[in-house]
$ cat protein03.pdb   # PDB, C-alpha atoms
ATOM      1  CA  MET A   1      29.237 -17.475  24.826
ATOM      2  CA  VAL A   2      28.323 -18.904  28.206
ATOM      3  CA  ASP A   3      27.098 -16.516  30.831
ATOM      4  CA  ILE A   4      29.643 -16.487  33.692
ATOM      5  CA  GLU A   5      26.942 -16.468  36.365
ATOM      6  CA  GLN A   6      25.281 -19.466  34.778
ATOM      7  CA  LEU A   7      28.630 -21.297  34.668
ATOM      8  CA  LYS A   8      29.282 -20.502  38.348
ATOM      9  CA  SER A   9      25.830 -21.807  39.193
ATOM     10  CA  HIS A  10      26.507 -25.079  37.334
ATOM     11  CA  ILE A  11      29.821 -25.435  39.134
ATOM     12  CA  ARG A  12      28.128 -24.939  42.532
ATOM     13  CA  ASP A  13      25.526 -27.557  41.597
ATOM     14  CA  GLU A  14      28.200 -30.063  40.582
ATOM     15  CA  VAL A  15      30.259 -29.444  43.724
ATOM     16  CA  GLY A  16      27.119 -30.072  45.769
ATOM     17  CA  ALA A  17      26.517 -33.318  43.867
ATOM     18  CA  CYS A  18      30.129 -34.438  44.476
ATOM     19  CA  GLN A  19      29.826 -33.692  48.178
ATOM     20  CA  GLN A  20      26.530 -35.619  48.289
ATOM     21  CA  ARG A  21      28.140 -38.664  46.611
ATOM     22  CA  LEU A  22      30.884 -38.647  49.262
ATOM     23  CA  ARG A  23      28.321 -38.397  52.100
ATOM     24  CA  GLU A  24      26.291 -41.263  50.622
ATOM     25  CA  PHE A  25      29.409 -43.402  50.243
ATOM     26  CA  ARG A  26      30.374 -42.837  53.883
ATOM     27  CA  GLN A  27      26.821 -43.766  54.893
ATOM     28  CA  GLN A  28      27.083 -46.968  52.820
ATOM     29  CA  LEU A  29      30.279 -47.912  54.656
ATOM     30  CA  GLU A  30      28.614 -47.358  58.015
ATOM     31  CA  SER A  31      25.603 -49.368  56.835
ATOM     32  CA  ARG A  32      27.858 -52.299  55.913
ATOM     33  CA  LYS A  33      29.392 -52.174  59.373
ATOM     34  CA  GLN A  34      25.919 -52.200  60.945
ATOM     35  CA  ASP A  35      24.857 -55.130  58.717
ATOM     36  CA  LEU A  36      27.812 -57.157  59.968
ATOM     37  CA  CYS A  37      27.033 -56.329  63.604
ATOM     38  CA  LEU A  38      23.379 -57.304  63.133
ATOM     39  CA  LEU A  39      24.311 -60.644  61.575
ATOM     40  CA  GLN A  40      26.734 -61.388  64.406
ATOM     41  CA  ARG A  41      24.089 -60.425  66.985
ATOM     42  CA  ASN A  42      21.563 -62.741  65.302
ATOM     43  CA  ILE A  43      24.011 -65.647  65.456
ATOM     44  CA  GLU A  44      24.780 -64.917  69.115
ATOM     45  CA  GLU A  45      21.041 -64.867  69.897
ATOM     46  CA  TRP A  46      20.569 -68.226  68.152
ATOM     47  CA  VAL A  47      23.416 -69.677  70.207
ATOM     48  CA  ASP A  48      21.958 -68.159  73.396
ATOM     49  CA  ALA A  49      18.598 -69.769  72.590
ATOM     50  CA  LEU A  50      20.282 -73.188  72.850
ATOM     51  CA  GLY A  51      20.726 -72.619  76.586
ATOM     52  CA  LEU A  52      24.330 -73.828  76.563
ATOM     53  CA  GLU A  53      26.832 -72.968  79.274
ATOM     54  CA  ASP A  54      30.475 -71.982  78.978
ATOM     55  CA  ILE A  55      30.341 -70.729  75.397
ATOM     56  CA  ASP A  56      33.213 -68.309  75.047
ATOM     57  CA  ARG A  57      32.753 -65.305  72.749
ATOM     58  CA  ARG A  58      35.552 -63.198  71.427
ATOM     59  CA  TYR A  59      35.559 -60.211  69.146
ATOM     60  CA  ASP A  60      38.771 -59.358  67.322
ATOM     61  CA  GLU A  61      39.068 -56.076  65.483
ATOM     62  CA  GLN A  62      40.157 -55.988  61.865
ATOM     63  CA  THR A  63      40.908 -52.837  59.932
ATOM     64  CA  HIS A  64      39.646 -52.818  56.367
ATOM     65  CA  THR A  65      40.625 -50.174  53.832
ATOM     66  CA  LEU A  66      39.167 -49.051  50.549
ATOM     67  CA  GLU A  67      40.444 -46.572  47.989
ATOM     68  CA  LYS A  68      37.766 -44.426  46.403
ATOM     69  CA  PHE A  69      37.426 -40.796  45.314
ATOM     70  CA  ASP A  70      41.228 -40.558  45.562
ATOM     71  CA  GLU A  71      40.954 -41.147  49.319
ATOM     72  CA  THR A  72      41.678 -44.061  51.624
ATOM     73  CA  PHE A  73      38.768 -45.050  53.812
ATOM     74  CA  GLU A  74      39.382 -47.206  56.881
ATOM     75  CA  LEU A  75      36.743 -49.081  58.785
ATOM     76  CA  THR A  76      37.310 -51.208  61.862
ATOM     77  CA  LEU A  77      35.181 -54.336  61.723
ATOM     78  CA  GLN A  78      34.900 -57.196  64.163
ATOM     79  CA  LYS A  79      35.382 -60.923  63.719
ATOM     80  CA  LEU A  80      33.249 -62.997  66.091
ATOM     81  CA  THR A  81      34.586 -66.302  67.424
ATOM     82  CA  LEU A  82      32.312 -68.586  69.405
ATOM     83  CA  SER A  83      34.049 -71.413  71.231
ATOM     84  CA  PHE A  84      32.119 -74.643  71.765
ATOM     85  CA  GLY A  85      35.097 -76.429  73.308
ATOM     86  CA  SER A  86      37.122 -78.160  70.593
ATOM     87  CA  CYS A  87      35.013 -76.546  67.850
ATOM     88  CA  LYS A  88      35.231 -72.836  67.217
ATOM     89  CA  LEU A  89      32.827 -70.983  64.963
ATOM     90  CA  HIS A  90      33.995 -67.861  63.132
ATOM     91  CA  VAL A  91      31.820 -65.093  61.698
ATOM     92  CA  ALA A  92      34.159 -62.727  59.892
ATOM     93  CA  PRO A  93      34.041 -60.131  57.137
ATOM     94  CA  GLU A  94      36.053 -61.284  54.148
ATOM     95  CA  GLU A  95      39.177 -59.330  53.253
ATOM     96  CA  GLN A  96      37.345 -57.424  50.527
ATOM     97  CA  TYR A  97      34.215 -56.837  52.649
ATOM     98  CA  LEU A  98      34.080 -53.138  51.811
ATOM     99  CA  HIS A  99      33.951 -54.050  48.107
ATOM    100  CA  GLY A 100      31.478 -56.915  48.210
ATOM    101  CA  SER A 101      29.922 -57.169  51.685
ATOM    102  CA  ARG A 102      30.471 -60.924  51.994
ATOM    103  CA  VAL A 103      30.734 -62.423  55.456
ATOM    104  CA  LEU A 104      32.446 -65.761  55.992
ATOM    105  CA  LEU A 105      31.023 -68.383  58.351
ATOM    106  CA  TYR A 106      33.283 -71.331  59.097
ATOM    107  CA  SER A 107      34.316 -73.754  61.795
ATOM    108  CA  SER A 108      37.732 -74.722  63.088
ATOM    109  CA  ALA A 109      36.527 -78.338  62.792
ATOM    110  CA  ASP A 110      36.327 -78.109  58.988
ATOM    111  CA  GLU A 111      38.037 -75.029  57.586
ATOM    112  CA  ASP A 112      37.437 -76.241  54.029
ATOM    113  CA  ASP A 113      33.674 -75.908  54.558
ATOM    114  CA  ILE A 114      33.330 -72.143  54.340
ATOM    115  CA  LYS A 115      29.983 -70.461  53.856
ATOM    116  CA  GLU A 116      29.598 -67.003  52.424
ATOM    117  CA  ILE A 117      26.767 -64.852  53.677
ATOM    118  CA  ILE A 118      25.263 -61.902  51.854
ATOM    119  CA  LYS A 119      22.393 -59.594  52.665
ATOM    120  CA  SER A 120      19.683 -59.044  50.095
ATOM    121  CA  GLU A 121      16.314 -57.364  50.499
ATOM    122  CA  GLY A 122      16.770 -57.170  54.269
ATOM    123  CA  GLU A 123      17.466 -60.904  54.705
ATOM    124  CA  TYR A 124      20.668 -62.920  55.024
ATOM    125  CA  TYR A 125      21.473 -65.739  52.596
ATOM    126  CA  PHE A 126      24.307 -68.256  52.524
ATOM    127  CA  THR A 127      25.970 -70.721  50.174
ATOM    128  CA  GLU A 128      29.299 -72.429  49.682
ATOM    129  CA  LEU A 129      32.130 -69.938  49.274
ATOM    130  CA  GLN A 130      32.378 -68.921  45.622
ATOM    131  CA  PHE A 131      35.386 -67.399  43.946
ATOM    132  CA  GLY A 132      35.172 -65.147  40.921
ATOM    133  CA  GLN A 133      31.567 -65.945  40.125
ATOM    134  CA  LYS A 134      28.617 -63.651  39.759
ATOM    135  CA  ARG A 135      26.254 -63.869  42.683
ATOM    136  CA  ASP A 136      23.096 -65.749  41.776
ATOM    137  CA  LEU A 137      20.651 -65.441  44.666
ATOM    138  CA  SER A 138      18.810 -68.581  43.506
ATOM    139  CA  ARG A 139      21.890 -70.585  44.568
ATOM    140  CA  TYR A 140      21.671 -69.237  48.116
ATOM    141  CA  ASP A 141      19.594 -70.472  51.034
ATOM    142  CA  GLN A 142      18.085 -68.109  53.562
ATOM    143  CA  LEU A 143      20.022 -67.999  56.819
ATOM    144  CA  THR A 144      17.529 -68.680  59.585
ATOM    145  CA  ASP A 145      17.849 -70.126  63.044
ATOM    146  CA  VAL A 146      16.996 -73.591  61.650
ATOM    147  CA  SER A 147      19.556 -73.462  58.820
ATOM    148  CA  PHE A 148      22.161 -72.121  61.257
ATOM    149  CA  TYR A 149      21.480 -74.945  63.727
ATOM    150  CA  LYS A 150      21.875 -77.520  60.923
ATOM    151  CA  LEU A 151      25.238 -76.049  59.945
ATOM    152  CA  LEU A 152      26.385 -75.857  63.554
ATOM    153  CA  TYR A 153      25.327 -79.433  64.272
ATOM    154  CA  ARG A 154      27.228 -80.711  61.232
ATOM    155  CA  TRP A 155      30.364 -78.805  62.234
ATOM    156  CA  LEU A 156      30.146 -79.974  65.859
ATOM    157  CA  ARG A 157      30.003 -83.602  64.679
ATOM    158  CA  THR A 158      33.111 -83.229  62.484
TER     159      THR A 158
END

$ encode --input "protein03.pdb" --output "structure tokens"
Amino acid sequence: MVDIEQLKSHIRDEVGACQQRLREFRQQLESRKQDLCLLQRNIEEWVDALGLEDIDRRYDEQTHTLEKFDETFELTLQKLTLSFGSCKLHVAPEEQYLHGSRVLLYSSADEDDIKEIIKSEGEYYFTELQFGQKRDLSRYDQLTDVSFYKLLYRWLRT
């Protein structure tokens, strides 16, 4: 027969573990939000480094929800739009961002040319938007100022 005090102790331990899992999950959500903000800041800094004038920036809020632990979690994320005149560049979390942390980078000049951006080992990587495929980091290129400028230049010429 199980000692009642021992059983109570196990229950307390498990409740503590459940509470810790919830705290860690909330921290992961906040971390994903911070990752998105950092990526958007990096892109804004790269655009600023071009020394261009009259580049309009707009942030639009998007509410994302996720069901987990029998709760609904909501997180307000921002979509960045940079206007280069007739060409607008969008940096937006995908609809399922809270599930997969993919960010979409695309231009109004060619909305079929959508890049997905992921963060891995502290760096950002991009590739063509993939649907329903496992992520293979070897198919991604690192997102740097140079690779961003190449993408931007191609979109501006479209």

$ closest_residue --input "protein03.pdb" --among "A:Phe73, A:Phe84, A:Tyr140, A:Tyr97" --to "Ser120 (chain A)" --atoms "all atoms listed in the file"
A:Tyr140

$ resolve_selection --input "protein03.pdb" --expression "the PyMOL selection byres ((chain A and resi 88) around 9)" --output "list in words"
Thr81, Leu82, Ser83, Phe84, Gly85, Ser86, Cys87, Leu89, His90, Tyr106, Ser107, Ser108, Ala109 and Leu156 of chain A

$ residues_near_point --input "protein03.pdb" --point "(30.2, -45.3, 53.8)" --cutoff "12 Å" --atoms "all atoms listed in the file" --output "list of chain:residue names"
A:Gln20, A:Arg21, A:Leu22, A:Arg23, A:Glu24, A:Phe25, A:Arg26, A:Gln27, A:Gln28, A:Leu29, A:Glu30, A:Ser31, A:Arg32, A:Lys33, A:Gln34, A:Thr65, A:Leu66, A:Glu67, A:Lys68, A:Thr72, A:Phe73, A:Glu74, A:Leu75, A:Leu98, A:His99

$ closest_residue --input "protein03.pdb" --among "A:Ala49, A:Ile55, A:Ile43, A:Leu38" --to "Ser147 (chain A)" --atoms "all atoms listed in the file"
A:Ile43

$ residues_around --input "protein03.pdb" --residues "Val103 (chain A)" --least-positions-apart "6" --cutoff "7 Å" --atoms "all atoms listed in the file" --output "ChimeraX atom specification"
/A:91-94,116-118

$ write_last_selection --input "protein03.pdb" --atoms "C-alpha atoms" --output "PDB file, in the coordinates of the input"
ATOM      1  CA  VAL A  91      31.820 -65.093  61.698  1.00  0.00           C
ATOM      2  CA  ALA A  92      34.159 -62.727  59.892  1.00  0.00           C
ATOM      3  CA  PRO A  93      34.041 -60.131  57.137  1.00  0.00           C
ATOM      4  CA  GLU A  94      36.053 -61.284  54.148  1.00  0.00           C
ATOM      5  CA  GLU A 116      29.598 -67.003  52.424  1.00  0.00           C
ATOM      6  CA  ILE A 117      26.767 -64.852  53.677  1.00  0.00           C
ATOM      7  CA  ILE A 118      25.263 -61.902  51.854  1.00  0.00           C
TER       8      ILE A 118
END

$ resolve_selection --input "protein03.pdb" --expression "the PyMOL selection byres ((chain A and resi 62) around 8)" --output "NGL selection string"
:A and (60-61 or 63-64 or 76-79)

$ write_last_selection --input "protein03.pdb" --atoms "C-alpha atoms" --output "short mmCIF file (atom, residue, chain, number, x, y, z; two decimals), keeping the file's coordinate frame"
data_model
loop_
_atom_site.label_atom_id
_atom_site.label_comp_id
_atom_site.auth_asym_id
_atom_site.auth_seq_id
_atom_site.Cartn_x
_atom_site.Cartn_y
_atom_site.Cartn_z
CA ASP A 60 38.77 -59.36 67.32
CA GLU A 61 39.07 -56.08 65.48
CA THR A 63 40.91 -52.84 59.93
CA HIS A 64 39.65 -52.82 56.37
CA THR A 76 37.31 -51.21 61.86
CA LEU A 77 35.18 -54.34 61.72
CA GLN A 78 34.90 -57.20 64.16
CA LYS A 79 35.38 -60.92 63.72
#

$ decode --input "protein03.pdb" --residues "region 3-156 of chain A" --atoms "C-alpha atoms" --output "PDB file, in the first residue's frame"
ATOM      1  CA  ASP A   3       2.070   5.790   1.933  1.00  0.00           C
ATOM      2  CA  ILE A   4      -0.355   8.748   1.756  1.00  0.00           C
ATOM      3  CA  GLU A   5       2.360  11.285   2.552  1.00  0.00           C
ATOM      4  CA  GLN A   6       4.528   9.905  -0.216  1.00  0.00           C
ATOM      5  CA  LEU A   7       1.596  10.113  -2.653  1.00  0.00           C
ATOM      6  CA  LYS A   8       0.900  13.730  -1.640  1.00  0.00           C
ATOM      7  CA  SER A   9       4.561  14.535  -2.174  1.00  0.00           C
ATOM      8  CA  HIS A  10       4.483  13.014  -5.681  1.00  0.00           C
ATOM      9  CA  ILE A  11       1.349  14.986  -6.484  1.00  0.00           C
ATOM     10  CA  ARG A  12       3.003  18.245  -5.343  1.00  0.00           C
ATOM     11  CA  ASP A  13       6.038  17.437  -7.497  1.00  0.00           C
ATOM     12  CA  GLU A  14       3.875  16.775 -10.554  1.00  0.00           C
ATOM     13  CA  VAL A  15       1.818  19.937 -10.033  1.00  0.00           C
ATOM     14  CA  GLY A  16       5.074  21.888  -9.848  1.00  0.00           C
ATOM     15  CA  ALA A  17       6.243  20.265 -13.091  1.00  0.00           C
ATOM     16  CA  CYS A  18       2.935  21.134 -14.813  1.00  0.00           C
ATOM     17  CA  GLN A  19       3.186  24.735 -13.664  1.00  0.00           C
ATOM     18  CA  GLN A  20       6.795  24.873 -14.907  1.00  0.00           C
ATOM     19  CA  ARG A  21       5.762  23.554 -18.352  1.00  0.00           C
ATOM     20  CA  LEU A  22       3.138  26.313 -18.599  1.00  0.00           C
ATOM     21  CA  ARG A  23       5.677  28.998 -17.588  1.00  0.00           C
ATOM     22  CA  GLU A  24       8.185  27.698 -20.145  1.00  0.00           C
ATOM     23  CA  PHE A  25       5.532  27.655 -22.866  1.00  0.00           C
ATOM     24  CA  ARG A  26       4.572  31.268 -22.142  1.00  0.00           C
ATOM     25  CA  GLN A  27       8.264  32.199 -22.272  1.00  0.00           C
ATOM     26  CA  GLN A  28       8.573  30.439 -25.653  1.00  0.00           C
ATOM     27  CA  LEU A  29       5.671  32.495 -27.005  1.00  0.00           C
ATOM     28  CA  GLU A  30       7.285  35.712 -25.816  1.00  0.00           C
ATOM     29  CA  SER A  31      10.596  34.586 -27.322  1.00  0.00           C
ATOM     30  CA  ARG A  32       8.929  34.037 -30.704  1.00  0.00           C
ATOM     31  CA  LYS A  33       7.492  37.537 -30.535  1.00  0.00           C
ATOM     32  CA  GLN A  34      10.944  38.947 -29.745  1.00  0.00           C
ATOM     33  CA  ASP A  35      12.495  36.950 -32.624  1.00  0.00           C
ATOM     34  CA  LEU A  36      10.024  38.511 -35.044  1.00  0.00           C
ATOM     35  CA  CYS A  37      10.723  42.019 -33.730  1.00  0.00           C
ATOM     36  CA  LEU A  38      14.483  41.475 -34.032  1.00  0.00           C
ATOM     37  CA  LEU A  39      14.176  40.272 -37.624  1.00  0.00           C
ATOM     38  CA  GLN A  40      12.019  43.264 -38.536  1.00  0.00           C
ATOM     39  CA  ARG A  41      14.494  45.623 -36.838  1.00  0.00           C
ATOM     40  CA  ASN A  42      17.377  44.047 -38.784  1.00  0.00           C
ATOM     41  CA  ILE A  43      15.543  44.575 -42.074  1.00  0.00           C
ATOM     42  CA  GLU A  44      14.744  48.183 -41.149  1.00  0.00           C
ATOM     43  CA  GLU A  45      18.422  48.788 -40.311  1.00  0.00           C
ATOM     44  CA  TRP A  46      19.490  47.337 -43.673  1.00  0.00           C
ATOM     45  CA  VAL A  47      17.034  49.642 -45.431  1.00  0.00           C
ATOM     46  CA  ASP A  48      18.254  52.610 -43.358  1.00  0.00           C
ATOM     47  CA  ALA A  49      21.839  51.805 -44.370  1.00  0.00           C
ATOM     48  CA  LEU A  50      20.858  52.450 -48.004  1.00  0.00           C
ATOM     49  CA  GLY A  51      20.411  56.135 -47.167  1.00  0.00           C
ATOM     50  CA  LEU A  52      17.111  56.384 -49.037  1.00  0.00           C
ATOM     51  CA  GLU A  53      14.562  59.114 -48.408  1.00  0.00           C
ATOM     52  CA  ASP A  54      10.790  58.893 -48.168  1.00  0.00           C
ATOM     53  CA  ILE A  55      10.585  55.211 -47.269  1.00  0.00           C
ATOM     54  CA  ASP A  56       7.289  54.771 -45.488  1.00  0.00           C
ATOM     55  CA  ARG A  57       7.097  52.191 -42.691  1.00  0.00           C
ATOM     56  CA  ARG A  58       3.908  50.809 -41.296  1.00  0.00           C
ATOM     57  CA  TYR A  59       3.262  48.268 -38.604  1.00  0.00           C
ATOM     58  CA  ASP A  60      -0.101  46.520 -38.561  1.00  0.00           C
ATOM     59  CA  GLU A  61      -1.078  44.405 -35.592  1.00  0.00           C
ATOM     60  CA  GLN A  62      -2.259  40.846 -36.069  1.00  0.00           C
ATOM     61  CA  THR A  63      -3.658  38.669 -33.323  1.00  0.00           C
ATOM     62  CA  HIS A  64      -2.518  35.065 -33.414  1.00  0.00           C
ATOM     63  CA  THR A  65      -4.058  32.345 -31.266  1.00  0.00           C
ATOM     64  CA  LEU A  66      -2.933  28.912 -30.213  1.00  0.00           C
ATOM     65  CA  GLU A  67      -4.734  26.196 -28.286  1.00  0.00           C
ATOM     66  CA  LYS A  68      -2.566  24.303 -25.836  1.00  0.00           C
ATOM     67  CA  PHE A  69      -2.965  22.874 -22.331  1.00  0.00           C
ATOM     68  CA  ASP A  70      -6.733  23.269 -22.799  1.00  0.00           C
ATOM     69  CA  GLU A  71      -6.251  27.049 -22.954  1.00  0.00           C
ATOM     70  CA  THR A  72      -6.334  29.640 -25.713  1.00  0.00           C
ATOM     71  CA  PHE A  73      -3.232  31.776 -25.909  1.00  0.00           C
ATOM     72  CA  GLU A  74      -3.334  35.053 -27.832  1.00  0.00           C
ATOM     73  CA  LEU A  75      -0.332  37.000 -28.973  1.00  0.00           C
ATOM     74  CA  THR A  76      -0.394  40.280 -30.857  1.00  0.00           C
ATOM     75  CA  LEU A  77       2.297  40.331 -33.521  1.00  0.00           C
ATOM     76  CA  GLN A  78       3.192  43.006 -36.022  1.00  0.00           C
ATOM     77  CA  LYS A  79       3.430  42.926 -39.797  1.00  0.00           C
ATOM     78  CA  LEU A  80       5.987  45.379 -41.184  1.00  0.00           C
ATOM     79  CA  THR A  81       5.352  47.066 -44.537  1.00  0.00           C
ATOM     80  CA  LEU A  82       8.077  49.143 -46.139  1.00  0.00           C
ATOM     81  CA  SER A  83       6.970  51.295 -49.053  1.00  0.00           C
ATOM     82  CA  PHE A  84       9.503  52.034 -51.787  1.00  0.00           C
ATOM     83  CA  GLY A  85       6.971  53.865 -53.949  1.00  0.00           C
ATOM     84  CA  SER A  86       5.249  51.413 -56.291  1.00  0.00           C
ATOM     85  CA  CYS A  87       6.931  48.443 -54.582  1.00  0.00           C
ATOM     86  CA  LYS A  88       5.982  47.485 -51.062  1.00  0.00           C
ATOM     87  CA  LEU A  89       7.920  44.966 -49.014  1.00  0.00           C
ATOM     88  CA  HIS A  90       6.120  42.912 -46.367  1.00  0.00           C
ATOM     89  CA  VAL A  91       7.679  41.135 -43.390  1.00  0.00           C
ATOM     90  CA  ALA A  92       4.878  39.229 -41.701  1.00  0.00           C
ATOM     91  CA  PRO A  93       4.418  36.246 -39.413  1.00  0.00           C
ATOM     92  CA  GLU A  94       2.589  33.467 -41.216  1.00  0.00           C
ATOM     93  CA  GLU A  95      -0.877  32.539 -39.990  1.00  0.00           C
ATOM     94  CA  GLN A  96       0.478  29.572 -38.047  1.00  0.00           C
ATOM     95  CA  TYR A  97       3.489  31.488 -36.669  1.00  0.00           C
ATOM     96  CA  LEU A  98       2.882  30.312 -33.112  1.00  0.00           C
ATOM     97  CA  HIS A  99       3.087  26.704 -34.342  1.00  0.00           C
ATOM     98  CA  GLY A 100       6.071  26.957 -36.659  1.00  0.00           C
ATOM     99  CA  SER A 101       7.738  30.367 -36.269  1.00  0.00           C
ATOM    100  CA  ARG A 102       7.936  31.041 -40.012  1.00  0.00           C
ATOM    101  CA  VAL A 103       8.061  34.633 -41.186  1.00  0.00           C
ATOM    102  CA  LEU A 104       7.043  35.548 -44.720  1.00  0.00           C
ATOM    103  CA  LEU A 105       9.010  38.070 -46.779  1.00  0.00           C
ATOM    104  CA  TYR A 106       7.385  39.182 -50.016  1.00  0.00           C
ATOM    105  CA  SER A 107       6.913  42.133 -52.315  1.00  0.00           C
ATOM    106  CA  SER A 108       3.786  43.660 -53.785  1.00  0.00           C
ATOM    107  CA  ALA A 109       5.661  43.642 -57.117  1.00  0.00           C
ATOM    108  CA  ASP A 110       5.712  39.827 -57.228  1.00  0.00           C
ATOM    109  CA  GLU A 111       3.401  38.229 -54.683  1.00  0.00           C
ATOM    110  CA  ASP A 112       4.130  34.774 -56.101  1.00  0.00           C
ATOM    111  CA  ASP A 113       7.770  35.101 -55.006  1.00  0.00           C
ATOM    112  CA  ILE A 114       7.371  34.526 -51.285  1.00  0.00           C
ATOM    113  CA  LYS A 115      10.314  33.741 -49.051  1.00  0.00           C
ATOM    114  CA  GLU A 116       9.983  31.984 -45.741  1.00  0.00           C
ATOM    115  CA  ILE A 117      12.375  32.908 -42.977  1.00  0.00           C
ATOM    116  CA  ILE A 118      13.230  30.758 -39.988  1.00  0.00           C
ATOM    117  CA  LYS A 119      15.618  31.225 -37.107  1.00  0.00           C
ATOM    118  CA  SER A 120      18.100  28.498 -36.306  1.00  0.00           C
ATOM    119  CA  GLU A 121      21.089  28.595 -33.983  1.00  0.00           C
ATOM    120  CA  GLY A 122      20.704  32.349 -33.510  1.00  0.00           C
ATOM    121  CA  GLU A 123      20.757  33.153 -37.247  1.00  0.00           C
ATOM    122  CA  TYR A 124      18.017  33.798 -39.796  1.00  0.00           C
ATOM    123  CA  TYR A 125      17.710  31.676 -42.941  1.00  0.00           C
ATOM    124  CA  PHE A 126      15.417  31.960 -45.946  1.00  0.00           C
ATOM    125  CA  THR A 127      14.203  29.921 -48.901  1.00  0.00           C
ATOM    126  CA  GLU A 128      11.257  29.737 -51.253  1.00  0.00           C
ATOM    127  CA  LEU A 129       7.986  29.231 -49.399  1.00  0.00           C
ATOM    128  CA  GLN A 130       7.449  25.516 -48.810  1.00  0.00           C
ATOM    129  CA  PHE A 131       4.160  23.845 -48.062  1.00  0.00           C
ATOM    130  CA  GLY A 132       3.853  20.621 -46.117  1.00  0.00           C
ATOM    131  CA  GLN A 133       7.522  19.740 -46.288  1.00  0.00           C
ATOM    132  CA  LYS A 134       9.960  19.035 -43.521  1.00  0.00           C
ATOM    133  CA  ARG A 135      12.397  21.857 -42.997  1.00  0.00           C
ATOM    134  CA  ASP A 136      15.835  20.985 -44.321  1.00  0.00           C
ATOM    135  CA  LEU A 137      18.249  23.722 -43.271  1.00  0.00           C
ATOM    136  CA  SER A 138      20.633  22.772 -46.101  1.00  0.00           C
ATOM    137  CA  ARG A 139      18.029  24.149 -48.540  1.00  0.00           C
ATOM    138  CA  TYR A 140      18.077  27.546 -46.835  1.00  0.00           C
ATOM    139  CA  ASP A 141      20.429  30.468 -47.359  1.00  0.00           C
ATOM    140  CA  GLN A 142      21.518  32.700 -44.515  1.00  0.00           C
ATOM    141  CA  LEU A 143      19.683  36.017 -44.458  1.00  0.00           C
ATOM    142  CA  THR A 144      22.333  38.720 -44.377  1.00  0.00           C
ATOM    143  CA  ASP A 145      22.391  42.307 -45.511  1.00  0.00           C
ATOM    144  CA  VAL A 146      23.863  41.197 -48.869  1.00  0.00           C
ATOM    145  CA  SER A 147      21.253  38.485 -49.509  1.00  0.00           C
ATOM    146  CA  PHE A 148      18.502  40.904 -48.456  1.00  0.00           C
ATOM    147  CA  TYR A 149      19.784  43.588 -50.843  1.00  0.00           C
ATOM    148  CA  LYS A 150      19.821  41.051 -53.709  1.00  0.00           C
ATOM    149  CA  LEU A 151      16.212  40.095 -53.008  1.00  0.00           C
ATOM    150  CA  LEU A 152      15.146  43.718 -52.686  1.00  0.00           C
ATOM    151  CA  TYR A 153      16.896  44.711 -55.906  1.00  0.00           C
ATOM    152  CA  ARG A 154      15.199  41.889 -57.815  1.00  0.00           C
ATOM    153  CA  TRP A 155      11.780  42.852 -56.453  1.00  0.00           C
ATOM    154  CA  LEU A 156      12.317  46.555 -57.198  1.00  0.00           C
TER     155      LEU A 156
END
